[in-house]
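A.B. asks: One file: my_file_20.csv (CSV, C-alpha atoms).
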chain,number,residue,atom,x,y,z
A,1,MET,CA,74.0,-27.7,-36.6
A,2,GLY,CA,75.1,-31.0,-35.2
A,3,ALA,CA,77.9,-33.0,-36.6
A,4,ASP,CA,77.1,-35.5,-39.3
A,5,PRO,CA,77.0,-39.1,-38.0
A,6,ALA,CA,80.1,-41.1,-38.5
A,7,PRO,CA,80.0,-43.3,-41.6
A,8,LEU,CA,79.5,-47.0,-41.0
A,9,ASP,CA,82.3,-49.4,-41.7
A,10,PRO,CA,81.5,-51.5,-44.8
A,11,GLY,CA,79.4,-54.4,-43.8
A,12,ALA,CA,78.2,-52.9,-40.5
A,13,LEU,CA,74.5,-52.8,-39.9
A,14,THR,CA,72.5,-49.6,-39.1
A,15,PRO,CA,70.5,-49.5,-35.8
A,16,GLU,CA,67.4,-50.0,-37.8
A,17,GLN,CA,68.7,-53.1,-39.5
A,18,VAL,CA,69.8,-54.5,-36.1
A,19,ARG,CA,66.3,-53.9,-34.8
A,20,LYS,CA,64.7,-55.6,-37.8
A,21,PHE,CA,67.0,-58.6,-37.4
A,22,GLN,CA,66.2,-58.8,-33.7
A,23,THR,CA,62.4,-58.7,-34.5
A,24,ASP,CA,62.3,-61.1,-37.5
A,25,GLY,CA,65.3,-63.4,-36.8
A,26,PHE,CA,66.6,-62.8,-40.4
A,27,LEU,CA,67.7,-59.9,-42.5
A,28,VAL,CA,68.2,-59.5,-46.2
A,29,LEU,CA,71.3,-57.4,-47.2
A,30,GLU,CA,71.5,-56.5,-50.9
A,31,HIS,CA,74.9,-56.0,-52.6
A,32,PHE,CA,76.8,-57.5,-49.6
A,33,ALA,CA,79.1,-59.4,-51.9
A,34,SER,CA,80.6,-57.5,-54.7
A,35,PRO,CA,80.4,-58.8,-58.3
A,36,GLU,CA,84.1,-59.5,-58.1
A,37,GLU,CA,83.7,-61.6,-55.0
A,38,VAL,CA,80.7,-63.5,-56.4
A,39,ALA,CA,82.7,-64.3,-59.6
A,40,SER,CA,85.7,-65.3,-57.6
A,41,MET,CA,83.7,-67.8,-55.4
A,42,LEU,CA,81.9,-69.2,-58.4
A,43,SER,CA,85.2,-69.7,-60.2
A,44,ARG,CA,86.9,-71.2,-57.2
A,45,ALA,CA,84.0,-73.7,-56.7
A,46,ASP,CA,84.3,-74.8,-60.3
A,47,ALA,CA,88.0,-75.4,-59.8
A,48,LEU,CA,87.5,-77.4,-56.6
A,49,VAL,CA,84.9,-79.6,-58.2
A,50,GLU,CA,87.1,-80.2,-61.3
A,51,ASP,CA,89.9,-81.3,-59.0
A,52,PHE,CA,87.6,-83.5,-56.9
A,53,ASP,CA,88.5,-87.1,-57.5
A,54,THR,CA,85.4,-89.3,-56.9
A,55,ALA,CA,87.7,-92.4,-56.7
A,56,LYS,CA,89.5,-91.0,-53.6
A,57,HIS,CA,86.4,-89.8,-51.7
A,58,PRO,CA,83.5,-91.8,-50.3
A,59,ARG,CA,80.3,-91.3,-52.3
A,60,SER,CA,78.7,-89.5,-49.4
A,61,VAL,CA,75.1,-88.3,-50.0
A,62,PHE,CA,73.7,-85.3,-48.1
A,63,SER,CA,70.1,-85.5,-46.9
A,64,THR,CA,68.1,-83.6,-44.3
A,65,LYS,CA,65.5,-86.4,-44.3
A,66,ASP,CA,67.6,-89.2,-42.8
A,67,GLN,CA,70.6,-87.6,-41.1
A,68,LYS,CA,71.5,-90.7,-39.1
A,69,ARG,CA,71.9,-92.7,-42.3
A,70,THR,CA,74.0,-90.1,-44.0
A,71,SER,CA,76.1,-88.9,-41.1
A,72,ASP,CA,79.0,-91.3,-41.7
A,73,ALA,CA,82.7,-90.9,-40.6
A,74,TYR,CA,83.4,-88.8,-43.7
A,75,PHE,CA,80.7,-86.4,-42.7
A,76,LEU,CA,81.7,-86.2,-39.1
A,77,ASP,CA,85.3,-85.4,-40.0
A,78,SER,CA,84.3,-82.8,-42.6
A,79,GLY,CA,84.8,-79.9,-40.2
A,80,ASN,CA,88.6,-80.5,-40.7
A,81,HIS,CA,88.5,-80.7,-44.5
A,82,VAL,CA,86.8,-79.5,-47.7
A,83,SER,CA,84.5,-82.5,-48.3
A,84,PHE,CA,82.1,-83.2,-51.1
A,85,PHE,CA,78.5,-84.5,-50.8
A,86,PHE,CA,76.3,-85.7,-53.6
A,87,GLU,CA,72.6,-85.1,-54.3
A,88,GLU,CA,70.2,-88.0,-53.3
A,89,ASP,CA,69.1,-88.3,-56.9
A,90,ALA,CA,72.6,-88.2,-58.4
A,91,PHE,CA,73.1,-92.0,-58.8
A,92,ALA,CA,71.5,-94.6,-61.0
A,93,GLU,CA,70.6,-98.0,-59.7
A,94,ASP,CA,74.0,-99.4,-60.9
A,95,GLY,CA,75.8,-96.8,-58.8
A,96,ALA,CA,76.9,-94.6,-61.7
A,97,LEU,CA,76.3,-90.9,-61.8
A,98,LYS,CA,73.3,-90.0,-63.9
A,99,GLN,CA,74.9,-86.8,-65.1
A,100,PRO,CA,78.4,-85.1,-65.0
A,101,LYS,CA,80.1,-84.7,-61.7
A,102,ARG,CA,79.7,-80.9,-61.6
A,103,LEU,CA,75.9,-81.4,-61.8
A,104,SER,CA,75.7,-84.1,-59.2
A,105,ILE,CA,77.2,-82.5,-56.0
A,106,ASN,CA,74.8,-81.1,-53.4
A,107,LYS,CA,77.4,-79.2,-51.4
A,108,MET,CA,81.1,-79.0,-50.3
A,109,GLY,CA,82.3,-78.0,-46.9
A,110,HIS,CA,82.8,-77.6,-44.0
A,111,ALA,CA,86.1,-75.8,-43.4
A,112,LEU,CA,86.3,-73.7,-46.6
A,113,HIS,CA,86.6,-70.6,-44.4
A,114,ASP,CA,89.9,-71.8,-43.0
A,115,LEU,CA,91.4,-74.0,-45.7
A,116,ASP,CA,90.6,-72.3,-49.0
A,117,PRO,CA,92.2,-68.9,-49.7
A,118,THR,CA,89.2,-67.6,-51.7
A,119,PHE,CA,86.5,-68.5,-49.2
A,120,ALA,CA,88.7,-67.6,-46.3
A,121,ALA,CA,89.3,-64.1,-47.7
A,122,PHE,CA,85.5,-63.5,-47.9
A,123,SER,CA,84.6,-65.2,-44.6
A,124,ARG,CA,87.3,-63.3,-42.7
A,125,SER,CA,86.9,-60.0,-44.5
A,126,ALA,CA,86.7,-56.6,-42.8
A,127,LYS,CA,83.1,-56.3,-43.8
A,128,MET,CA,82.2,-59.7,-42.3
A,129,LYS,CA,83.9,-58.6,-39.0
A,130,ALA,CA,82.0,-55.3,-39.1
A,131,LEU,CA,78.7,-57.2,-39.7
A,132,THR,CA,79.1,-59.6,-36.9
A,133,ARG,CA,80.4,-57.0,-34.5
A,134,SER,CA,77.5,-54.7,-35.2
A,135,LEU,CA,75.3,-57.6,-33.9
A,136,GLY,CA,77.1,-57.3,-30.6
A,137,MET,CA,79.3,-60.4,-31.0
A,138,ALA,CA,82.4,-60.0,-28.8
A,139,ARG,CA,84.5,-62.7,-30.5
A,140,PRO,CA,82.8,-63.6,-33.7
A,141,THR,CA,84.2,-67.0,-34.8
A,142,PRO,CA,83.5,-68.9,-38.0
A,143,VAL,CA,82.9,-72.6,-37.3
A,144,GLN,CA,81.3,-74.0,-40.4
A,145,SER,CA,81.2,-73.1,-44.0
A,146,MET,CA,79.7,-74.7,-47.1
A,147,TYR,CA,79.1,-74.1,-50.8
A,148,ILE,CA,75.6,-75.2,-51.8
A,149,PHE,CA,75.0,-76.0,-55.5
A,150,LYS,CA,71.2,-76.6,-55.5
A,151,GLN,CA,71.6,-78.4,-58.8
A,152,PRO,CA,69.1,-78.0,-61.7
A,153,SER,CA,66.3,-80.6,-61.7
A,154,ILE,CA,67.8,-82.6,-58.8
A,155,GLY,CA,68.6,-80.0,-56.2
A,156,GLY,CA,67.5,-81.5,-52.9
A,157,GLU,CA,65.1,-80.1,-50.3
A,158,VAL,CA,66.5,-78.6,-47.1
A,159,SER,CA,63.7,-79.3,-44.5
A,160,ALA,CA,62.6,-76.6,-42.0
A,161,HIS,CA,65.2,-76.4,-39.3
A,162,GLN,CA,67.0,-74.2,-36.8
A,163,ASP,CA,70.8,-73.9,-37.2
A,164,SER,CA,71.4,-74.0,-33.5
A,165,THR,CA,70.2,-77.6,-33.6
A,166,PHE,CA,73.5,-78.5,-35.2
A,167,LEU,CA,75.8,-75.7,-34.0
A,168,HIS,CA,75.2,-75.2,-30.3
A,169,THR,CA,77.1,-73.2,-27.7
A,170,SER,CA,76.9,-73.1,-23.9
A,171,PRO,CA,75.7,-71.5,-21.7
A,172,LYS,CA,73.6,-69.9,-24.4
A,173,PRO,CA,73.1,-70.3,-28.1
A,174,THR,CA,75.0,-67.7,-30.2
A,175,CYS,CA,75.0,-69.1,-33.7
A,176,VAL,CA,74.4,-66.6,-36.6
A,177,GLY,CA,74.5,-67.7,-40.2
A,178,VAL,CA,75.5,-65.5,-43.2
A,179,TRP,CA,74.1,-67.1,-46.4
A,180,VAL,CA,75.2,-65.4,-49.6
A,181,ALA,CA,73.4,-65.9,-53.0
A,182,LEU,CA,76.0,-66.4,-55.8
A,183,GLU,CA,73.2,-66.8,-58.4
A,184,ASP,CA,69.7,-65.3,-58.5
A,185,CYS,CA,67.4,-67.2,-56.1
A,186,THR,CA,63.7,-67.5,-56.8
A,187,THR,CA,60.7,-69.6,-55.7
A,188,THR,CA,61.3,-71.6,-58.8
A,189,ASN,CA,64.8,-72.7,-58.2
A,190,GLY,CA,64.7,-73.2,-54.5
A,191,CYS,CA,65.2,-70.0,-52.6
A,192,LEU,CA,65.2,-69.7,-48.8
A,193,TRP,CA,62.0,-69.4,-46.9
A,194,ALA,CA,62.2,-67.9,-43.3
A,195,LEU,CA,59.6,-67.8,-40.5
A,196,PRO,CA,59.5,-64.3,-39.0
A,197,GLY,CA,59.8,-64.2,-35.2
A,198,SER,CA,60.4,-67.9,-34.9
A,199,HIS,CA,63.7,-67.2,-33.1
A,200,GLY,CA,61.7,-66.2,-30.1
A,201,GLU,CA,61.3,-69.8,-29.2
A,202,PRO,CA,64.1,-72.0,-27.9
A,203,VAL,CA,65.9,-74.6,-29.9
A,204,LYS,CA,63.4,-77.4,-30.4
A,205,LYS,CA,65.9,-80.2,-31.3
A,206,ARG,CA,69.5,-81.0,-30.8
A,207,MET,CA,71.8,-83.2,-33.0
A,208,LEU,CA,74.4,-84.8,-30.7
A,209,VAL,CA,77.2,-87.2,-31.2
A,210,ASP,CA,78.2,-89.7,-28.5
A,211,ARG,CA,81.9,-90.2,-28.7
A,212,GLN,CA,84.2,-92.6,-26.8
A,213,GLU,CA,86.9,-91.0,-24.7
A,214,GLY,CA,89.9,-90.4,-27.0
A,215,GLY,CA,87.9,-90.9,-30.1
A,216,GLY,CA,88.6,-88.7,-33.1
A,217,PRO,CA,86.2,-86.3,-34.8
A,218,GLU,CA,85.2,-89.0,-37.3
A,219,THR,CA,84.0,-91.4,-34.6
A,220,GLY,CA,80.7,-91.6,-32.7
A,221,SER,CA,77.1,-92.2,-33.1
A,222,ILE,CA,74.4,-89.6,-33.9
A,223,ARG,CA,71.4,-89.1,-31.7
A,224,PHE,CA,68.7,-86.4,-31.4
A,225,GLU,CA,67.1,-84.8,-28.4
A,226,GLY,CA,63.7,-83.2,-28.9
A,227,GLU,CA,61.5,-82.9,-32.0
A,228,TYR,CA,60.6,-80.2,-34.4
A,229,PRO,CA,56.9,-79.2,-34.8
A,230,ASP,CA,55.4,-79.9,-38.2
A,231,TRP,CA,56.0,-76.3,-39.3
A,232,LEU,CA,55.2,-77.0,-43.0
A,233,GLY,CA,52.3,-79.3,-42.2
A,234,ASP,CA,50.5,-76.6,-40.3
A,235,ASP,CA,48.8,-74.5,-43.0
A,236,ALA,CA,48.6,-71.5,-40.8
A,237,VAL,CA,52.3,-71.5,-40.0
A,238,LYS,CA,53.3,-72.4,-43.6
A,239,LYS,CA,51.5,-69.3,-44.9
A,240,THR,CA,53.6,-67.0,-42.7
A,241,PHE,CA,57.0,-68.2,-44.1
A,242,THR,CA,58.6,-65.4,-46.2
A,243,PRO,CA,60.2,-66.3,-49.5
A,244,LEU,CA,63.6,-64.7,-49.8
A,245,GLU,CA,64.0,-64.2,-53.5
A,246,THR,CA,67.4,-62.6,-53.8
A,247,LYS,CA,69.8,-61.4,-56.5
A,248,ALA,CA,73.4,-62.7,-56.7
A,249,GLY,CA,75.5,-60.8,-54.1
A,250,THR,CA,72.7,-60.6,-51.6
A,251,ALA,CA,73.4,-61.9,-48.1
A,252,VAL,CA,70.7,-63.3,-45.8
A,253,LEU,CA,71.6,-63.0,-42.1
A,254,LEU,CA,70.0,-65.9,-40.1
A,255,HIS,CA,69.5,-66.1,-36.3
A,256,GLY,CA,70.5,-69.5,-35.0
A,257,GLU,CA,66.9,-70.1,-33.7
A,258,ASN,CA,65.2,-68.8,-36.8
A,259,VAL,CA,63.2,-71.5,-38.7
A,260,HIS,CA,64.0,-71.7,-42.4
A,261,TYR,CA,63.9,-74.1,-45.3
A,262,SER,CA,64.4,-74.4,-49.0
A,263,ALA,CA,62.3,-76.5,-51.4
A,264,PRO,CA,63.7,-78.8,-54.1
A,265,ASN,CA,65.0,-77.3,-57.3
A,266,ARG,CA,63.1,-78.9,-60.1
A,267,SER,CA,63.9,-76.1,-62.5
A,268,PRO,CA,66.6,-76.1,-65.2
A,269,VAL,CA,68.5,-73.3,-63.4
A,270,SER,CA,71.0,-73.8,-60.6
A,271,ARG,CA,71.0,-71.8,-57.3
A,272,HIS,CA,74.6,-71.6,-56.0
A,273,ALA,CA,75.1,-70.0,-52.6
A,274,TYR,CA,77.9,-69.8,-49.9
A,275,SER,CA,77.1,-70.0,-46.2
A,276,VAL,CA,79.3,-69.5,-43.2
A,277,HIS,CA,78.1,-69.8,-39.5
A,278,PHE,CA,79.6,-67.8,-36.6
A,279,ILE,CA,79.5,-68.3,-32.9
A,280,ASP,CA,80.5,-65.8,-30.2
A,281,GLN,CA,83.4,-67.2,-28.2
A,282,GLY,CA,83.4,-64.1,-26.1
A,283,VAL,CA,80.3,-65.2,-24.2
A,284,ALA,CA,79.9,-68.9,-24.9
A,285,ALA,CA,81.8,-72.1,-25.6
A,286,TRP,CA,81.5,-74.6,-28.4
A,287,ASP,CA,79.6,-77.7,-27.3
A,288,ASP,CA,81.8,-80.8,-27.6
A,289,ALA,CA,78.6,-82.9,-28.2
A,290,ASN,CA,78.1,-81.1,-31.5
A,291,TRP,CA,78.6,-83.2,-34.7
A,292,LEU,CA,81.3,-80.9,-35.9
A,293,ARG,CA,84.6,-81.3,-34.0
A,294,ARG,CA,88.0,-80.0,-34.8
A,295,LYS,CA,91.2,-82.1,-34.6
A,296,GLU,CA,93.9,-81.2,-32.0
A,297,GLY,CA,96.0,-78.3,-33.4
A,298,PHE,CA,93.2,-77.0,-35.6
A,299,PRO,CA,91.2,-74.7,-33.4
A,300,PHE,CA,88.3,-72.4,-34.3
A,301,GLU,CA,89.9,-68.9,-34.8
A,302,PRO,CA,87.9,-65.7,-34.2
A,303,LEU,CA,87.9,-62.9,-36.8
Could you render the structure from this file as structure tokens?

C.D. replies:
Amino acid sequence: MGADPAPLDPGALTPEQVRKFQTDGFLVLEHFASPEEVASMLSRADALVEDFDTAKHPRSVFSTKDQKRTSDAYFLDSGNHVSFFFEEDAFAEDGALKQPKRLSINKMGHALHDLDPTFAAFSRSAKMKALTRSLGMARPTPVQSMYIFKQPSIGGEVSAHQDSTFLHTSPKPTCVGVWVALEDCTTTNGCLWALPGSHGEPVKKRMLVDRQEGGGPETGSIRFEGEYPDWLGDDAVKKTFTPLETKAGTAVLLHGENVHYSAPNRSPVSRHAYSVHFIDQGVAAWDDANWLRRKEGFPFEPL
């Protein structure tokens, strides 16, 4: 009798899972985050929002519909901080919040994985390293992280997109996203929808920042190269998107060229999630024209 196969490190993918990810461009991993990790991230998010002083931060609104309008200096510098962004429908005509602060924020990010101990512990855990290594990443490096609230009744749409549009590496794209449900996600409260096999096409659109020499991360003007097809306007394509209804603790692995979206949350139930994106610094370099740029002395560190 042959020897039993060596057990996988926690978080590592089986060969079958790797093949499925390579075929579909996404992979659902149940029970990736433990109940304790989920509770810890939920609790920490509550504390960060409670400490968030709206008087000391710009009232920056996050939208995927008009990214030039919403990509202000606060957004461009958010890769160096834990920043807060409001829902489009959070404010009344007089500028006041329609509801409590904790129910008005769209997301916070984009350096949680480096600046907050709770999110850093999860993002840089041994199982996250085993997961990214099992995909063949030589130097998996987290570059962007965000906590997404998907607020009840006003949780905004995230239009169909490819993550490598925003997080590009050269000479080839290497972005991989790990999106973790912290609450149950359904078609009612705005779960993810992914398009199987769409990662076989190159990146259709790039979000770039033109910066003056010597300008800081918060400076520059946004421009786009290329255009997305109307994935959701094409009925035949729309019908092939897969709804990813997931329980809390489930992770969704997303190839950087996979096309995915989430609908608005018009339900009375929130849909919290944590997302961290990795690149492979072993085979590619971060593109300085990306919107996210680190300050001197605060480099991207591999796992």

A.B. asks: What lies within 6 Å of region 178-187 of chain A using all atoms listed in the file, ignoring chain neighbours under 6 positions off, as a ChimeraX atom specification?

C.D. replies: /A:38,245-253,271-276

A.B. asks: Which residue, A:Pro264, A:Pro243, A:Pro302, A:Gly177, has the smallest gap to Pro196 (chain A) when you use all atoms listed in the file?

C.D. replies: A:Pro243

A.B. asks: How many Å separate CA of His31 (chain A) from CA of Gly197 (chain A)?

C.D. replies: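 Computing it gives 24.5 Å between the two atoms.
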
A.B. asks: Taking (62.8, -73.0, -29.6) in the file's coordinates as the center, which residues reach within 12 Å of it, counting all atoms listed in the file, put as number ranges by chain?

C.D. replies: A: 161-165, 173, 197-206, 226-229, 255-259

A.B. asks: From the options A:Val283, A:Gln22, A:Pro299, A:Trp193, which residue's atoms come nearest to His260 (chain A), counting only C-alpha atoms?

C.D. replies: A:Trp193
